[in-house]
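Enquirer: Sharing a structure, written as structure tokens. Questions coming.
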Amino acid sequence: MHIHNLSETRSILNTFVAQLRDKTIQKDSMRFRRNIERIGEILGFEMSKTLNFSQKQIETPLGQKSTEIMANEIVICSILRAGLPLHDGLLNYFDDADNAFISAYRKHDANTENFKIIIEYLTCPSIEGKTLLIADPMLATGQSMLSTMEVLKPYGIPKEIHLISVIGSQEGVDYINKNVSENVHLWIATIDEKLNDKGYIIPGIGDAGDLAFGPKLQK
Ligand code: URA
């Protein structure tokens, strides 16, 4: 897997990630969602530099200009619910993309910290020959991302796969790296040291879904 860890280059992206982490700033859920969206825009922009382009003659009111236009057909698949602002950021730039949504959540064992990933809802167009972007802001264990790739298989063989994430754990990134083919790309804003025993990224940001959309009842 090609890992593009954007925090390795200094940019405004690091400021947006710092605001996601800051426990006073992250209380502002509108700013939290907007920061994830802005990070989606930046990750998408960086990723776009690796796509295919074709020459197009553009007529302006005053003349003509030959311009390189992105040629890929994009499908953006996001993992609910925390993936929604990241999805919006990607869709802001890839505005004619087709879209897929998947619900993946952790079902915890009653007496242990163990959990498995349950997928209950999936809506997806054909991904045959397309450039598939899978968006999940928190790449913790890597299990949701891999389960998503697995359940998308009946929808076609994509031309290329780009995983888009905001914060990953080193363990999750290593796990994905071990289990996907070499030509998959990971575009990620930053990678943190570890997971705690509940599978949260440390230092991370906390629960991205709750911070974006409010707390949920645990049932
Ligand atoms: N999901 C989150 O929202 N946060 C984590 O740290 C891990 C998974």
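Residue numbering restarts at 1 for every chain of the structure tokens, chains are lettered A, B, ... in their displayed order, and ligands are numbered from 1 as they appear.
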Residues at most 10 Å from ligand 1, using only C-alpha atoms and all ligand atoms? Could they come as an mmCIF file with C-alpha atoms, in the first residue's frame?
Expert:
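The result, stored in out-v4.cif:
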```cif
data_model
loop_
_atom_site.group_PDB
_atom_site.id
_atom_site.type_symbol
_atom_site.label_atom_id
_atom_site.label_comp_id
_atom_site.auth_asym_id
_atom_site.auth_seq_id
_atom_site.Cartn_x
_atom_site.Cartn_y
_atom_site.Cartn_z
ATOM 1 C CA ARG A 81 -21.898 8.272 10.618
ATOM 2 C CA ALA A 82 -18.565 10.003 11.216
ATOM 3 C CA GLY A 83 -17.726 9.671 7.520
ATOM 4 C CA TYR A 105 -20.445 -0.252 13.869
ATOM 5 C CA ARG A 106 -18.650 -2.044 16.649
ATOM 6 C CA ASP A 136 -13.539 6.872 7.250
ATOM 7 C CA PRO A 137 -12.148 9.676 9.434
ATOM 8 C CA MET A 138 -10.843 7.360 12.188
ATOM 9 C CA LEU A 139 -8.680 4.458 11.042
ATOM 10 C CA ALA A 140 -8.436 2.763 14.423
ATOM 11 C CA THR A 141 -8.155 -1.032 14.145
ATOM 12 C CA GLY A 142 -8.586 -0.964 10.368
ATOM 13 C CA SER A 144 -14.192 -1.280 9.338
ATOM 14 C CA ILE A 167 -6.386 10.123 11.967
ATOM 15 C CA GLY A 168 -5.062 6.575 12.027
ATOM 16 C CA SER A 169 -3.354 4.446 14.633
ATOM 17 C CA ASP A 192 -0.995 8.417 16.079
ATOM 18 C CA LYS A 194 -1.510 3.499 19.561
ATOM 19 C CA LEU A 195 -4.981 2.252 20.488
ATOM 20 C CA ASN A 196 -6.328 1.953 24.018
ATOM 21 C CA LYS A 198 -11.382 0.033 23.956
ATOM 22 C CA GLY A 199 -9.991 0.481 20.449
ATOM 23 C CA TYR A 200 -9.819 4.295 20.602
ATOM 24 C CA ILE A 201 -6.887 6.089 18.990
ATOM 25 C CA ILE A 202 -4.445 7.607 21.521
ATOM 26 C CA PRO A 203 -4.060 10.587 21.706
ATOM 27 C CA GLY A 204 -6.622 10.848 18.842
ATOM 28 C CA ILE A 205 -9.688 13.024 19.309
ATOM 29 C CA GLY A 206 -12.270 10.862 21.123
ATOM 30 C CA ASP A 207 -15.445 9.653 19.409
ATOM 31 C CA ALA A 208 -15.639 11.395 16.031
ATOM 32 C CA GLY A 209 -19.308 10.492 15.472
ATOM 33 C CA ASP A 210 -20.354 11.915 18.853
ATOM 34 C CA LEU A 211 -18.270 15.062 18.358
ATOM 35 C CA ALA A 212 -19.818 15.673 14.932
#
```
Enquirer: Neighbouring residues of Ala135 (chain A) were defined as those with any atom within 12 Å, considering only C-alpha atoms; residues of the same chain fewer than 3 positions away were excluded. Please report them as a ChimeraX atom specification.
Expert: /A:36-37,39-41,43-44,75-91,99-102,132,138-139,144-146,148-149,161-167,186-188
Enquirer: Would you return as a PyMOL selection string the members of chain A that DSSP assigns to alpha helix (DSSP H) on this structure's backbone?
Expert: chain A and resi 12-21+29-48+83-93+143-151+170-179+208-213
Enquirer: If we count only C-alpha atoms, what is near Glu160 (chain A) at a cut-off of 8 Å, once residues fewer than 3 positions away on the same chain are taken out, given as a PyMOL selection string?
Expert: chain A and resi 129-132+183-184
Enquirer: Dump N, CA, C and O atoms for the selected residues as a PDB file, in the first residue's frame?
Expert:
```pdb
ATOM      1  N   GLY A 129     -14.438  -0.522 -12.862  1.00  0.00           N
ATOM      2  CA  GLY A 129     -13.578   0.384 -13.625  1.00  0.00           C
ATOM      3  C   GLY A 129     -13.474   1.792 -13.050  1.00  0.00           C
ATOM      4  O   GLY A 129     -12.864   2.669 -13.663  1.00  0.00           O
ATOM      5  N   LYS A 130     -14.092   2.018 -11.897  1.00  0.00           N
ATOM      6  CA  LYS A 130     -14.126   3.381 -11.327  1.00  0.00           C
ATOM      7  C   LYS A 130     -12.944   3.618 -10.382  1.00  0.00           C
ATOM      8  O   LYS A 130     -12.264   2.681  -9.958  1.00  0.00           O
ATOM      9  N   THR A 131     -12.757   4.878 -10.047  1.00  0.00           N
ATOM     10  CA  THR A 131     -11.794   5.245  -9.006  1.00  0.00           C
ATOM     11  C   THR A 131     -12.567   5.303  -7.699  1.00  0.00           C
ATOM     12  O   THR A 131     -13.429   6.166  -7.520  1.00  0.00           O
ATOM     13  N   LEU A 132     -12.302   4.335  -6.832  1.00  0.00           N
ATOM     14  CA  LEU A 132     -13.090   4.203  -5.599  1.00  0.00           C
ATOM     15  C   LEU A 132     -12.369   4.885  -4.437  1.00  0.00           C
ATOM     16  O   LEU A 132     -11.197   4.585  -4.155  1.00  0.00           O
ATOM     17  N   ASN A 183      -1.201  -1.841  -4.733  1.00  0.00           N
ATOM     18  CA  ASN A 183      -1.552  -0.620  -5.471  1.00  0.00           C
ATOM     19  C   ASN A 183      -2.647   0.223  -4.815  1.00  0.00           C
ATOM     20  O   ASN A 183      -3.056   1.237  -5.368  1.00  0.00           O
ATOM     21  N   VAL A 184      -3.118  -0.189  -3.629  1.00  0.00           N
ATOM     22  CA  VAL A 184      -4.070   0.654  -2.878  1.00  0.00           C
ATOM     23  C   VAL A 184      -3.304   1.844  -2.283  1.00  0.00           C
ATOM     24  O   VAL A 184      -2.155   1.699  -1.868  1.00  0.00           O
TER      25      VAL A 184
END
```
Enquirer: With a distance cut-off of 10 Å and only C-alpha atoms, select the neighbouring residues of Ser181 (chain A), excluding the residue or stretch itself and same-chain residues fewer than 5 positions from it, and output the selection as a list in words.
Expert: Met1, His2, Ile161 and Ile176 of chain A
Enquirer: With N, CA, C and O atoms retained, could you export that selection as an mmCIF file, in the first residue's frame?
Expert:
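In the end it all went to again.cif:
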```
data_model
loop_
_atom_site.group_PDB
_atom_site.id
_atom_site.type_symbol
_atom_site.label_atom_id
_atom_site.label_comp_id
_atom_site.auth_asym_id
_atom_site.auth_seq_id
_atom_site.Cartn_x
_atom_site.Cartn_y
_atom_site.Cartn_z
ATOM 1 N N MET A 1 0.859 -1.204 0.000
ATOM 2 C CA MET A 1 0.000 0.000 0.000
ATOM 3 C C MET A 1 0.889 1.246 0.000
ATOM 4 O O MET A 1 1.920 1.278 0.660
ATOM 5 N N HIS A 2 0.463 2.254 -0.759
ATOM 6 C CA HIS A 2 1.173 3.533 -0.751
ATOM 7 C C HIS A 2 0.572 4.401 0.359
ATOM 8 O O HIS A 2 -0.624 4.690 0.311
ATOM 9 N N ILE A 161 -8.113 2.033 -5.916
ATOM 10 C CA ILE A 161 -8.762 2.261 -4.616
ATOM 11 C C ILE A 161 -7.915 3.245 -3.803
ATOM 12 O O ILE A 161 -6.705 3.058 -3.648
ATOM 13 N N ILE A 176 -4.001 -2.719 7.849
ATOM 14 C CA ILE A 176 -4.521 -2.541 6.481
ATOM 15 C C ILE A 176 -3.410 -2.841 5.472
ATOM 16 O O ILE A 176 -3.629 -3.538 4.477
#
```
Enquirer: Measuring between only C-alpha atoms, which one of A:Met70, A:Ile134, A:Met30, A:Thr60 shows the shortest distance to Ser48 (chain A)?
Expert: A:Met70
Enquirer: Mind checking which residues fall within 10 Å of Lys153 (chain A), counting only C-alpha atoms, ignoring those fewer than 5 positions away in the same chain, and posting them as a VMD selection string?
Expert: chain A and resid 127 to 128 148 158
Enquirer: How would the residues just picked look written out with N, CA, C and O atoms as a tab-separated table (two decimals), in the first residue's frame?
Expert:
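The file below, again_20.tsv, is the result:
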```tsv
chain	number	residue	atom	x	y	z
A	127	ILE	N	-19.08	-0.09	-9.17
A	127	ILE	CA	-17.74	0.47	-9.00
A	127	ILE	C	-16.78	-0.11	-10.05
A	127	ILE	O	-15.59	0.12	-9.99
A	128	GLU	N	-17.36	-0.82	-11.03
A	128	GLU	CA	-16.54	-1.46	-12.07
A	128	GLU	C	-15.74	-0.40	-12.85
A	128	GLU	O	-16.32	0.54	-13.41
A	148	THR	N	-15.46	-3.04	4.82
A	148	THR	CA	-16.10	-2.27	3.74
A	148	THR	C	-15.58	-2.74	2.39
A	148	THR	O	-16.36	-2.98	1.45
A	158	PRO	N	-12.90	-2.09	-9.05
A	158	PRO	CA	-12.50	-0.71	-9.35
A	158	PRO	C	-11.15	-0.65	-10.06
A	158	PRO	O	-10.33	-1.55	-9.91
```
Enquirer: I'd like to know which of A:Ile12, A:Ala71, A:Cys124, A:Leu20 is closest to Arg34 (chain A), using only C-alpha atoms.
Expert: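 Between A:Ile12, A:Ala71, A:Cys124, A:Leu20, the residue approaching Arg34 (chain A) most closely is A:Leu20.
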